[in-house]
>>> print(open('upload.json').read())   # JSON, C-alpha atoms and all ligand atoms
[["chain", "number", "residue", "atom", "x", "y", "z"],
["A", 1, "MET", "CA", -6.40, 2.28, 8.61],
["A", 2, "LEU", "CA", -5.35, -0.85, 10.48],
["A", 3, "THR", "CA", -4.80, -3.86, 8.26],
["A", 4, "ALA", "CA", -6.61, -7.04, 9.24],
["A", 5, "PRO", "CA", -4.23, -9.94, 9.93],
["A", 6, "VAL", "CA", -3.94, -12.33, 7.00],
["A", 7, "THR", "CA", -5.42, -15.59, 8.29],
["A", 8, "PRO", "CA", -5.10, -18.94, 6.44],
["A", 9, "ALA", "CA", -8.74, -18.54, 5.36],
["A", 10, "ILE", "CA", -8.03, -15.13, 3.82],
["A", 11, "GLU", "CA", -4.91, -16.49, 2.14],
["A", 12, "ALA", "CA", -6.94, -19.29, 0.58],
["A", 13, "ILE", "CA", -9.44, -16.78, -0.85],
["A", 14, "GLU", "CA", -6.64, -14.49, -2.06],
["A", 15, "ALA", "CA", -5.08, -17.43, -3.89],
["A", 16, "ILE", "CA", -8.28, -17.44, -5.99],
["A", 17, "GLU", "CA", -8.61, -13.67, -6.24],
["A", 18, "LEU", "CA", -5.04, -12.76, -7.18],
["A", 19, "PRO", "CA", -4.83, -14.52, -10.57],
["A", 20, "LEU", "CA", -8.26, -13.12, -11.45],
["A", 21, "LEU", "CA", -7.16, -9.59, -10.57],
["A", 22, "LEU", "CA", -3.93, -9.89, -12.59],
["A", 23, "GLU", "CA", -5.87, -11.30, -15.54],
["A", 24, "ALA", "CA", -8.33, -8.37, -15.32],
["A", 25, "VAL", "CA", -5.51, -5.81, -15.25],
["A", 26, "TRP", "CA", -3.83, -7.46, -18.20],
["A", 27, "ARG", "CA", -7.00, -7.67, -20.31],
["A", 28, "ARG", "CA", -8.21, -4.18, -19.47],
["A", 29, "TYR", "CA", -4.91, -2.24, -19.56],
["A", 30, "GLY", "CA", -2.28, -4.51, -21.16],
["A", 31, "TYR", "CA", -0.01, -4.49, -18.08],
["A", 32, "ASP", "CA", 1.06, -8.05, -17.45],
["A", 33, "PHE", "CA", 2.03, -8.80, -13.85],
["A", 34, "ARG", "CA", 1.00, -12.47, -14.07],
["A", 35, "ASP", "CA", 4.59, -13.71, -13.98],
["A", 36, "TYR", "CA", 5.91, -11.45, -11.26],
["A", 37, "ALA", "CA", 7.27, -13.23, -8.18],
["A", 38, "PRO", "CA", 4.16, -13.74, -6.01],
["A", 39, "ALA", "CA", 5.49, -12.91, -2.53],
["A", 40, "SER", "CA", 6.67, -9.35, -3.24],
["A", 41, "LEU", "CA", 3.75, -8.74, -5.61],
["A", 42, "ARG", "CA", 1.24, -9.70, -2.89],
["A", 43, "ARG", "CA", 3.01, -7.43, -0.39],
["A", 44, "ARG", "CA", 2.79, -4.47, -2.73],
["A", 45, "ILE", "CA", -0.81, -5.17, -3.68],
["A", 46, "ARG", "CA", -1.74, -5.28, 0.01],
["A", 47, "HIS", "CA", -0.07, -1.91, 0.34],
["A", 48, "ALA", "CA", -2.15, -0.61, -2.60],
["A", 49, "MET", "CA", -5.31, -1.93, -0.90],
["A", 50, "GLU", "CA", -4.40, -0.12, 2.31],
["A", 51, "LEU", "CA", -3.83, 3.15, 0.46],
["A", 52, "GLN", "CA", -7.26, 2.87, -1.16],
["A", 53, "GLY", "CA", -8.98, 1.71, 2.06],
["A", 54, "LEU", "CA", -10.05, -1.60, 0.49],
["A", 55, "SER", "CA", -10.29, -4.87, 2.34],
["A", 56, "THR", "CA", -10.44, -7.47, -0.46],
["A", 57, "LEU", "CA", -8.66, -8.11, -3.74],
["A", 58, "SER", "CA", -12.06, -8.47, -5.39],
["A", 59, "ALA", "CA", -12.97, -4.92, -4.33],
["A", 60, "LEU", "CA", -9.64, -3.72, -5.72],
["A", 61, "GLN", "CA", -10.33, -5.53, -9.00],
["A", 62, "ASP", "CA", -13.72, -3.84, -9.23],
["A", 63, "ASP", "CA", -12.09, -0.42, -8.75],
["A", 64, "LEU", "CA", -9.34, -1.10, -11.27],
["A", 65, "LEU", "CA", -11.70, -2.31, -13.96],
["A", 66, "HIS", "CA", -13.99, 0.70, -13.69],
["A", 67, "ASP", "CA", -11.68, 3.58, -12.78],
["A", 68, "GLU", "CA", -8.58, 4.45, -14.80],
["A", 69, "ARG", "CA", -7.27, 6.73, -12.07],
["A", 70, "ALA", "CA", -7.36, 3.82, -9.64],
["A", 71, "MET", "CA", -5.23, 1.92, -12.14],
["A", 72, "ALA", "CA", -2.68, 4.76, -12.26],
["A", 73, "ASP", "CA", -2.44, 4.69, -8.43],
["A", 74, "PHE", "CA", -2.15, 0.91, -8.53],
["A", 75, "LEU", "CA", 0.77, 1.11, -10.99],
["A", 76, "ASP", "CA", 2.53, 3.61, -8.75],
["A", 77, "ALA", "CA", 2.05, 1.35, -5.72],
["A", 78, "LEU", "CA", 3.39, -1.64, -7.63],
["A", 79, "THR", "CA", 6.44, 0.10, -9.01],
["A", 80, "VAL", "CA", 9.48, -0.20, -6.78],
["A", 81, "GLU", "CA", 11.71, 2.64, -7.82],
["A", 82, "VAL", "CA", 14.42, 2.41, -5.20],
["A", 83, "THR", "CA", 17.57, 3.55, -6.94],
["A", 84, "ALA", "CA", 20.64, 5.75, -6.43],
["A", 85, "MET", "CA", 23.46, 7.37, -8.33],
["A", 86, "PHE", "CA", 26.41, 4.97, -8.56],
["A", 87, "ARG", "CA", 24.38, 2.34, -6.71],
["A", 88, "ASP", "CA", 26.80, -0.46, -5.74],
["A", 89, "PRO", "CA", 29.91, 1.69, -6.38],
["A", 90, "SER", "CA", 32.14, -1.33, -7.00],
["A", 91, "PHE", "CA", 29.97, -2.19, -10.03],
["A", 92, "TYR", "CA", 30.95, 1.11, -11.64],
["A", 93, "ARG", "CA", 34.58, 0.64, -10.66],
["A", 94, "ALA", "CA", 34.54, -2.75, -12.40],
["A", 95, "PHE", "CA", 32.76, -1.21, -15.39],
["A", 96, "ARG", "CA", 35.49, 1.43, -15.68],
["A", 97, "ASP", "CA", 38.26, -1.18, -15.44],
["A", 98, "ARG", "CA", 36.80, -4.05, -17.46],
["A", 99, "VAL", "CA", 34.28, -2.59, -19.90],
["A", 100, "VAL", "CA", 35.56, 0.87, -20.86],
["A", 101, "PRO", "CA", 38.65, -0.58, -22.62],
["A", 102, "LEU", "CA", 36.31, -2.76, -24.73],
["A", 103, "LEU", "CA", 34.23, 0.26, -25.73],
["A", 104, "ARG", "CA", 37.07, 2.61, -26.55],
["A", 105, "PRO", "CA", 37.77, 1.32, -30.11],
["A", 106, "LEU", "CA", 34.09, 1.49, -31.19],
["A", 107, "PRO", "CA", 33.16, 4.37, -33.50],
["A", 108, "LEU", "CA", 29.70, 4.68, -31.91],
["A", 109, "ILE", "CA", 28.54, 3.16, -28.64],
["A", 110, "ARG", "CA", 24.92, 2.20, -27.94],
["A", 111, "VAL", "CA", 23.91, 1.62, -24.30],
["A", 112, "TRP", "CA", 20.49, 0.44, -23.10],
["A", 113, "HIS", "CA", 19.38, 0.96, -19.51],
["A", 114, "ALA", "CA", 16.37, -1.35, -19.25],
["A", 115, "ALA", "CA", 14.15, -0.60, -16.21],
["A", 116, "CYS", "CA", 16.10, 2.55, -15.42],
["A", 117, "ALA", "CA", 13.54, 3.95, -12.93],
["A", 118, "SER", "CA", 14.04, 7.71, -12.42],
["A", 119, "GLY", "CA", 17.39, 7.80, -14.20],
["A", 120, "GLU", "CA", 20.02, 7.97, -11.46],
["A", 121, "GLU", "CA", 21.73, 4.89, -12.94],
["A", 122, "VAL", "CA", 21.59, 6.46, -16.41],
["A", 123, "TYR", "CA", 23.29, 9.68, -15.34],
["A", 124, "SER", "CA", 25.87, 7.71, -13.37],
["A", 125, "MET", "CA", 26.80, 5.96, -16.61],
["A", 126, "ALA", "CA", 26.82, 9.28, -18.50],
["A", 127, "ILE", "CA", 29.24, 10.71, -15.92],
["A", 128, "LEU", "CA", 31.45, 7.62, -16.05],
["A", 129, "LEU", "CA", 31.57, 7.71, -19.87],
["A", 130, "HIS", "CA", 32.23, 11.46, -19.82],
["A", 131, "GLU", "CA", 35.21, 10.93, -17.51],
["A", 132, "ALA", "CA", 36.45, 8.16, -19.81],
["A", 133, "GLY", "CA", 36.18, 10.54, -22.79],
["A", 134, "LEU", "CA", 33.51, 8.36, -24.45],
["A", 135, "LEU", "CA", 30.24, 10.21, -23.84],
["A", 136, "ASP", "CA", 30.33, 12.21, -27.08],
["A", 137, "LYS", "CA", 30.25, 9.04, -29.17],
["A", 138, "THR", "CA", 27.64, 7.28, -27.04],
["A", 139, "ARG", "CA", 23.87, 7.13, -27.46],
["A", 140, "ILE", "CA", 22.10, 6.03, -24.27],
["A", 141, "TYR", "CA", 18.58, 4.55, -24.40],
["A", 142, "ALA", "CA", 16.84, 4.78, -21.03],
["A", 143, "THR", "CA", 13.60, 2.82, -20.68],
["A", 144, "ASP", "CA", 11.15, 1.85, -17.97],
["A", 145, "MET", "CA", 7.48, 0.92, -17.84],
["A", 146, "SER", "CA", 6.74, 3.77, -15.43],
["A", 147, "GLU", "CA", 6.03, 7.05, -17.24],
["A", 148, "ARG", "CA", 6.26, 8.91, -13.95],
["A", 149, "ALA", "CA", 9.79, 7.61, -13.33],
["A", 150, "LEU", "CA", 10.84, 8.45, -16.90],
["A", 151, "GLU", "CA", 9.59, 12.00, -16.50],
["A", 152, "THR", "CA", 11.91, 12.50, -13.51],
["A", 153, "GLY", "CA", 14.77, 11.17, -15.61],
["A", 154, "ARG", "CA", 13.98, 13.52, -18.48],
["A", 155, "LEU", "CA", 13.88, 16.53, -16.16],
["A", 156, "ALA", "CA", 17.14, 15.50, -14.46],
["A", 157, "ILE", "CA", 16.08, 17.17, -11.22],
["A", 158, "TYR", "CA", 16.85, 15.26, -8.03],
["A", 159, "PRO", "CA", 16.45, 16.00, -4.32],
["A", 160, "LEU", "CA", 19.33, 17.92, -2.76],
["A", 161, "ARG", "CA", 19.05, 15.88, 0.44],
["A", 162, "ARG", "CA", 20.24, 12.74, -1.36],
["A", 163, "MET", "CA", 23.36, 14.35, -2.82],
["A", 164, "ARG", "CA", 25.55, 13.49, 0.15],
["A", 165, "ASP", "CA", 24.94, 9.76, -0.40],
["A", 166, "HIS", "CA", 25.29, 10.09, -4.16],
["A", 167, "THR", "CA", 28.59, 11.94, -3.73],
["A", 168, "ALA", "CA", 29.94, 9.22, -1.41],
["A", 169, "ASN", "CA", 28.92, 6.56, -3.97],
["A", 170, "TYR", "CA", 30.55, 8.54, -6.79],
["A", 171, "GLN", "CA", 33.83, 8.75, -4.89],
["A", 172, "ARG", "CA", 33.76, 5.05, -3.98],
["A", 173, "ALA", "CA", 33.07, 4.28, -7.63],
["A", 174, "GLY", "CA", 36.38, 5.93, -8.54],
["A", 175, "GLY", "CA", 34.98, 9.25, -9.83],
["A", 176, "THR", "CA", 37.80, 11.54, -10.86],
["A", 177, "ALA", "CA", 36.20, 14.98, -10.49],
["A", 178, "SER", "CA", 34.19, 16.75, -7.82],
["A", 179, "PHE", "CA", 30.61, 15.44, -8.00],
["A", 180, "SER", "CA", 29.21, 18.94, -7.53],
["A", 181, "ASP", "CA", 30.75, 19.85, -10.92],
["A", 182, "TYR", "CA", 27.89, 17.93, -12.51],
["A", 183, "TYR", "CA", 24.89, 19.81, -11.14],
["A", 184, "THR", "CA", 23.50, 23.16, -10.09],
["A", 185, "ALA", "CA", 21.68, 23.30, -6.76],
["A", 186, "LYS", "CA", 18.47, 25.28, -6.55],
["A", 187, "HIS", "CA", 16.19, 25.34, -3.51],
["A", 188, "GLU", "CA", 15.57, 21.72, -2.46],
["A", 189, "GLY", "CA", 16.78, 20.18, -5.70],
["A", 190, "VAL", "CA", 19.69, 19.86, -8.08],
["A", 191, "ILE", "CA", 19.57, 19.88, -11.86],
["A", 192, "LEU", "CA", 22.20, 17.95, -13.76],
["A", 193, "HIS", "CA", 24.16, 19.82, -16.43],
["A", 194, "GLY", "CA", 22.91, 19.76, -20.00],
["A", 195, "PHE", "CA", 25.97, 18.05, -21.47],
["A", 196, "LEU", "CA", 25.06, 14.91, -19.50],
["A", 197, "ARG", "CA", 21.50, 14.95, -20.83],
["A", 198, "GLY", "CA", 22.16, 15.49, -24.53],
["A", 199, "ASN", "CA", 22.84, 11.92, -25.67],
["A", 200, "ILE", "CA", 20.01, 10.21, -23.81],
["A", 201, "VAL", "CA", 16.74, 8.98, -25.34],
["A", 202, "TRP", "CA", 13.97, 8.33, -22.77],
["A", 203, "ALA", "CA", 11.23, 5.90, -23.80],
["A", 204, "SER", "CA", 8.55, 3.68, -22.37],
["A", 205, "HIS", "CA", 9.39, -0.01, -22.68],
["A", 206, "ASN", "CA", 7.84, -2.96, -20.89],
["A", 207, "LEU", "CA", 10.19, -5.91, -20.44],
["A", 208, "VAL", "CA", 7.25, -8.32, -20.30],
["A", 209, "SER", "CA", 5.46, -7.32, -23.46],
["A", 210, "ASP", "CA", 7.75, -5.18, -25.65],
["A", 211, "GLY", "CA", 10.41, -6.55, -27.97],
["A", 212, "SER", "CA", 13.95, -5.75, -28.95],
["A", 213, "PHE", "CA", 14.37, -2.33, -30.60],
["A", 214, "ASN", "CA", 18.08, -2.05, -31.44],
["A", 215, "GLU", "CA", 21.42, -3.78, -31.08],
["A", 216, "PHE", "CA", 23.47, -2.58, -28.13],
["A", 217, "HIS", "CA", 27.08, -2.75, -27.02],
["A", 218, "VAL", "CA", 26.06, -2.48, -23.37],
["A", 219, "ILE", "CA", 22.82, -3.37, -21.62],
["A", 220, "LEU", "CA", 22.25, -2.71, -17.94],
["A", 221, "CYS", "CA", 19.14, -4.36, -16.52],
["A", 222, "ARG", "CA", 19.62, -4.08, -12.80],
["A", 223, "ASN", "CA", 17.27, -4.82, -9.93],
["A", 224, "ALA", "CA", 14.11, -5.37, -11.94],
["A", 225, "MET", "CA", 14.26, -9.09, -12.69],
["A", 226, "ILE", "CA", 14.33, -9.88, -8.97],
["A", 227, "TYR", "CA", 10.60, -9.08, -9.07],
["A", 228, "PHE", "CA", 9.93, -11.66, -11.82],
["A", 229, "ASN", "CA", 9.38, -15.41, -11.53],
["A", 230, "ARG", "CA", 11.86, -17.85, -13.08],
["A", 231, "ASP", "CA", 9.89, -18.23, -16.31],
["A", 232, "LEU", "CA", 9.64, -14.48, -16.91],
["A", 233, "GLN", "CA", 13.31, -14.01, -16.03],
["A", 234, "GLY", "CA", 14.12, -16.52, -18.77],
["A", 235, "ARG", "CA", 12.01, -14.59, -21.29],
["A", 236, "VAL", "CA", 13.65, -11.29, -20.36],
["A", 237, "HIS", "CA", 17.10, -12.87, -20.64],
["A", 238, "ARG", "CA", 16.19, -13.89, -24.16],
["A", 239, "LEU", "CA", 15.18, -10.31, -24.99],
["A", 240, "LEU", "CA", 18.44, -8.96, -23.56],
["A", 241, "TYR", "CA", 20.52, -11.57, -25.37],
["A", 242, "ASP", "CA", 18.73, -10.83, -28.66],
["A", 243, "SER", "CA", 19.41, -7.12, -28.15],
["A", 244, "LEU", "CA", 23.16, -7.46, -27.47],
["A", 245, "ALA", "CA", 25.81, -7.24, -30.18],
["A", 246, "GLN", "CA", 28.29, -10.09, -30.35],
["A", 247, "GLY", "CA", 30.88, -9.28, -27.67],
["A", 248, "GLY", "CA", 28.45, -6.84, -26.01],
["A", 249, "VAL", "CA", 28.30, -6.46, -22.24],
["A", 250, "LEU", "CA", 25.40, -7.23, -19.89],
["A", 251, "GLY", "CA", 25.26, -5.79, -16.37],
["A", 252, "LEU", "CA", 22.82, -7.19, -13.80],
["A", 253, "GLY", "CA", 21.95, -6.24, -10.22],
["A", 254, "ARG", "CA", 23.63, -7.60, -7.10],
["A", 255, "GLY", "CA", 20.89, -10.12, -6.37],
["A", 256, "GLU", "CA", 20.66, -11.27, -9.98],
["A", 257, "SER", "CA", 22.75, -13.66, -12.00],
["A", 258, "LEU", "CA", 22.95, -15.55, -15.26],
["A", 259, "GLN", "CA", 23.38, -18.79, -13.35],
["A", 260, "PHE", "CA", 20.63, -21.32, -13.99],
["A", 261, "THR", "CA", 19.16, -19.28, -16.85],
["A", 262, "PRO", "CA", 18.97, -20.80, -20.37],
["A", 263, "TYR", "CA", 21.52, -18.17, -21.48],
["A", 264, "GLU", "CA", 24.24, -18.98, -18.97],
["A", 265, "ASP", "CA", 26.52, -20.65, -21.54],
["A", 266, "ARG", "CA", 26.17, -17.84, -24.11],
["A", 267, "TYR", "CA", 28.17, -15.42, -21.95],
["A", 268, "GLU", "CA", 31.55, -15.29, -20.29],
["A", 269, "ALA", "CA", 31.94, -13.53, -16.96],
["A", 270, "LEU", "CA", 33.92, -10.30, -17.10],
["A", 271, "ASP", "CA", 33.47, -9.90, -13.36],
["A", 272, "ALA", "CA", 31.09, -12.46, -11.86],
["A", 273, "ALA", "CA", 30.94, -10.77, -8.44],
["A", 274, "GLU", "CA", 29.84, -7.50, -10.06],
["A", 275, "ARG", "CA", 27.46, -9.29, -12.43],
["A", 276, "LEU", "CA", 29.21, -8.12, -15.58],
["A", 277, "TYR", "CA", 29.06, -10.57, -18.48],
["A", 278, "ARG", "CA", 30.11, -10.51, -22.11],
["A", 279, "ARG", "CA", 28.13, -12.13, -24.91],
["A", 280, "ALA", "CA", 30.44, -14.84, -26.20],
["A", 281, "ARG", "CA", 28.29, -16.45, -28.90],
["B", 1, "LIG", "C1", 14.22, -1.11, -8.18],
["B", 1, "LIG", "S1", 14.07, -0.22, -9.70],
["B", 1, "LIG", "C2", 15.69, -0.43, -10.40],
["B", 1, "LIG", "C3", 16.23, 0.85, -10.97],
["B", 1, "LIG", "C4", 17.67, 0.80, -11.47],
["B", 1, "LIG", "N1", 17.84, -0.12, -12.57],
["B", 1, "LIG", "C5", 18.63, 0.45, -10.36],
["B", 1, "LIG", "O1", 19.15, -0.67, -10.33],
["B", 1, "LIG", "O2", 18.85, 1.28, -9.47],
["B", 1, "LIG", "C6", 13.03, -1.32, -10.65],
["B", 1, "LIG", "C7", 12.43, -0.66, -11.89],
["B", 1, "LIG", "O3", 11.93, -1.71, -12.71],
["B", 1, "LIG", "C8", 10.83, -1.19, -13.39],
["B", 1, "LIG", "N2", 10.04, -2.30, -13.92],
["B", 1, "LIG", "C9", 9.35, -3.26, -13.25],
["B", 1, "LIG", "N3", 8.74, -4.09, -14.10],
["B", 1, "LIG", "C10", 9.05, -3.65, -15.34],
["B", 1, "LIG", "C11", 8.72, -4.09, -16.64],
["B", 1, "LIG", "N4", 7.92, -5.14, -16.82],
["B", 1, "LIG", "N5", 9.23, -3.42, -17.71],
["B", 1, "LIG", "C12", 10.03, -2.33, -17.53],
["B", 1, "LIG", "N6", 10.36, -1.85, -16.32],
["B", 1, "LIG", "C13", 9.89, -2.51, -15.24],
["B", 1, "LIG", "C14", 10.10, -0.38, -12.35],
["B", 1, "LIG", "O4", 9.22, 0.57, -12.95],
["B", 1, "LIG", "C15", 11.27, 0.26, -11.61],
["B", 1, "LIG", "O5", 11.53, 1.53, -12.11]]
>>> encode(input="upload.json", output="structure tokens")
Amino acid sequence: MLTAPVTPAIEAIEAIELPLLLEAVWRRYGYDFRDYAPASLRRRIRHAMELQGLSTLSALQDDLLHDERAMADFLDALTVEVTAMFRDPSFYRAFRDRVVPLLRPLPLIRVWHAACASGEEVYSMAILLHEAGLLDKTRIYATDMSERALETGRLAIYPLRRMRDHTANYQRAGGTASFSDYYTAKHEGVILHGFLRGNIVWASHNLVSDGSFNEFHVILCRNAMIYFNRDLQGRVHRLLYDSLAQGGVLGLGRGESLQFTPYEDRYEALDAAERLYRRAR
């Protein structure tokens, strides 16, 4: 279906419709997108409308309110799950050099991957900690708001066609083994070995509406807050700060930073370029 061009008149109507639609979704289903950054949210909602063959946000709202399956499709369309094993390899290199020595003396290490998508980041960390000899004393909590993404993570089955890129990332990240040692290939997919999966707890957690659930030595929350407005980013930073042990480490995504957040002065940079920070007070 061809999308109609968005004229100024349509934009003016959508400026009325969008808050109403987000309010309806929140009241009906408890998913709160009201403080997501509007530009990317609008783009993804337009995409959802195209998929459903709808021409107005009001029609989409009608569907969402009355049809739970439409809501499930809407959630899928809104969820950006782009991820990769050892995404931004230099981040993992910095983690190995700067963070692993801080973790080594701890008797038990708790790591939280907030907004972990389908788990590639989580298994990258499991591999890194395994190679550092720390995986056995680590408990990893992997959370996301998307149940579908979490299910992929739990199964630990990933497409074979992406392994070439993942392997290149692993090597650039300073991996010390052969990446193929970590999985078994079968048909079009690979399944990661059980010893990487054992210490991981997968759970649904919404950064907008759910609270802190433990105290962690490491929290990675990468490439999710870019979709939030400034106010929501501040609230999520509070949640992350409240969930970090004193001296604990926070890792953000490339396009994210602590700068200009209310929590900037509570951390010291371990590696500012790689967005690795340590809770200082
Ligand atoms: C682009 S992926 C990032 C995945 C991974 N952290 C990485 O950096 O490769 C963004 C993830 O944020 C999740 N997400 C978006 N809003 C969320 C929220 N309010 N609570 C929890 N997860 C959320 C999405 O479901 C998606 O899986």
>>> residues_near_ligand(input="upload.json", ligand="ligand LIG 1 (chain B)", cutoff="6 Å", atoms="all atoms listed in the file", output="PyMOL selection string")
chain A and resi 79-84+115-117+121+144-146+205-208+221-224
>>> atom_distance(input="upload.json", atom1="atom CA of A:Leu155", atom2="atom CA of A:Leu75")
20.9 Å
>>> atom_distance(input="upload.json", atom1="atom CA of A:His66", atom2="atom CA of A:Ser209")
23.2 Å
>>> closest_residue(input="upload.json", among="A:Pro101, A:Gly153, A:Pro89, A:Gly133", to="A:Ser204", atoms="all atoms listed in the file")
A:Gly153
>>> closest_residue(input="upload.json", among="A:Ala203, A:Leu41, A:Ala15, A:Leu102", to="A:Ser118", atoms="all atoms listed in the file")
A:Ala203
>>> closest_residue(input="upload.json", among="A:Arg96, A:Arg104, A:His47, A:Arg27", to="A:Asp76", atoms="all atoms listed in the file")
A:His47
>>> atom_distance(input="upload.json", atom1="atom CA of A:Leu135", atom2="atom CA of A:Ala177")
15.4 Å
>>> closest_residue(input="upload.json", among="A:Ile13, A:Ala39, A:Val201, A:Ala132", to="A:Ile226", atoms="all atoms listed in the file")
A:Ala39
>>> closest_residue(input="upload.json", among="A:Ala269, A:Leu239, A:Asn229, A:Leu258", to="A:Ser40", atoms="only C-alpha atoms")
A:Asn229
>>> residues_around(input="upload.json", residues="stretch 210-216 of chain A", least_positions_apart="5", cutoff="9 Å", atoms="only C-alpha atoms", output="PyMOL selection string")
chain A and resi 109-112+205+239-240+242-245+248-249
>>> residues_near_point(input="upload.json", point="(28.8, 10.3, -20.1)", cutoff="12 Å", atoms="only C-alpha atoms", output="PyMOL selection string")
chain A and resi 96+100+109-111+121-140+182+192-200
>>> axis_aligned_box(input="upload.json", around="stretch 189-192 of chain A", padding_each_side="4 Å", output="AutoDock Vina command-line options")
--center_x 19.5 --center_y 19.1 --center_z -9.7 --size_x 13.4 --size_y 10.2 --size_z 16.1
>>> residues_around(input="upload.json", residues="A:Asp35", least_positions_apart="3", cutoff="10 Å", atoms="only C-alpha atoms", output="compact mmCIF listing (two decimals) with C-alpha atoms, in the frame of the given file")
# COMPACT_ATOMS: atom_id res chain seq x y z
CA LEU A 22 -3.93 -9.89 -12.59
CA ASP A 32 1.06 -8.05 -17.45
CA PRO A 38 4.16 -13.74 -6.01
CA LEU A 41 3.75 -8.74 -5.61
CA VAL A 208 7.25 -8.32 -20.30
CA TYR A 227 10.60 -9.08 -9.07
CA PHE A 228 9.93 -11.66 -11.82
CA ASN A 229 9.38 -15.41 -11.53
CA ARG A 230 11.86 -17.85 -13.08
CA ASP A 231 9.89 -18.23 -16.31
CA LEU A 232 9.64 -14.48 -16.91
CA GLN A 233 13.31 -14.01 -16.03
>>> closest_residue(input="upload.json", among="A:Leu51, A:Leu65, A:Ile191, A:Ala70", to="A:Glu120", atoms="all atoms listed in the file")
A:Ile191
>>> residues_near_point(input="upload.json", point="(23.5, -13.0, -12.4)", cutoff="10 Å", atoms="only C-alpha atoms", output="JSON, numbers by chain")
{"A": [222, 250, 251, 252, 253, 254, 255, 256, 257, 258, 259, 260, 261, 264, 269, 272, 273, 274, 275, 276, 277]}
>>> write_last_selection(input="upload.json", atoms="C-alpha atoms", output="compact mmCIF listing (two decimals), in the frame of the given file")
# COMPACT_ATOMS: atom_id res chain seq x y z
CA ARG A 222 19.62 -4.08 -12.80
CA LEU A 250 25.40 -7.23 -19.89
CA GLY A 251 25.26 -5.79 -16.37
CA LEU A 252 22.82 -7.19 -13.80
CA GLY A 253 21.95 -6.24 -10.22
CA ARG A 254 23.63 -7.60 -7.10
CA GLY A 255 20.89 -10.12 -6.37
CA GLU A 256 20.66 -11.27 -9.98
CA SER A 257 22.75 -13.66 -12.00
CA LEU A 258 22.95 -15.55 -15.26
CA GLN A 259 23.38 -18.79 -13.35
CA PHE A 260 20.63 -21.32 -13.99
CA THR A 261 19.16 -19.28 -16.85
CA GLU A 264 24.24 -18.98 -18.97
CA ALA A 269 31.94 -13.53 -16.96
CA ALA A 272 31.09 -12.46 -11.86
CA ALA A 273 30.94 -10.77 -8.44
CA GLU A 274 29.84 -7.50 -10.06
CA ARG A 275 27.46 -9.29 -12.43
CA LEU A 276 29.21 -8.12 -15.58
CA TYR A 277 29.06 -10.57 -18.48
>>> residues_around(input="upload.json", residues="A:Glu14", least_positions_apart="3", cutoff="9 Å", atoms="all atoms listed in the file", output="CSV table (one decimal) with C-alpha atoms, in the frame of the given file")
chain,number,residue,atom,x,y,z
A,9,ALA,CA,-8.7,-18.5,5.4
A,10,ILE,CA,-8.0,-15.1,3.8
A,11,GLU,CA,-4.9,-16.5,2.1
A,17,GLU,CA,-8.6,-13.7,-6.2
A,18,LEU,CA,-5.0,-12.8,-7.2
A,19,PRO,CA,-4.8,-14.5,-10.6
A,56,THR,CA,-10.4,-7.5,-0.5
A,57,LEU,CA,-8.7,-8.1,-3.7
A,58,SER,CA,-12.1,-8.5,-5.4
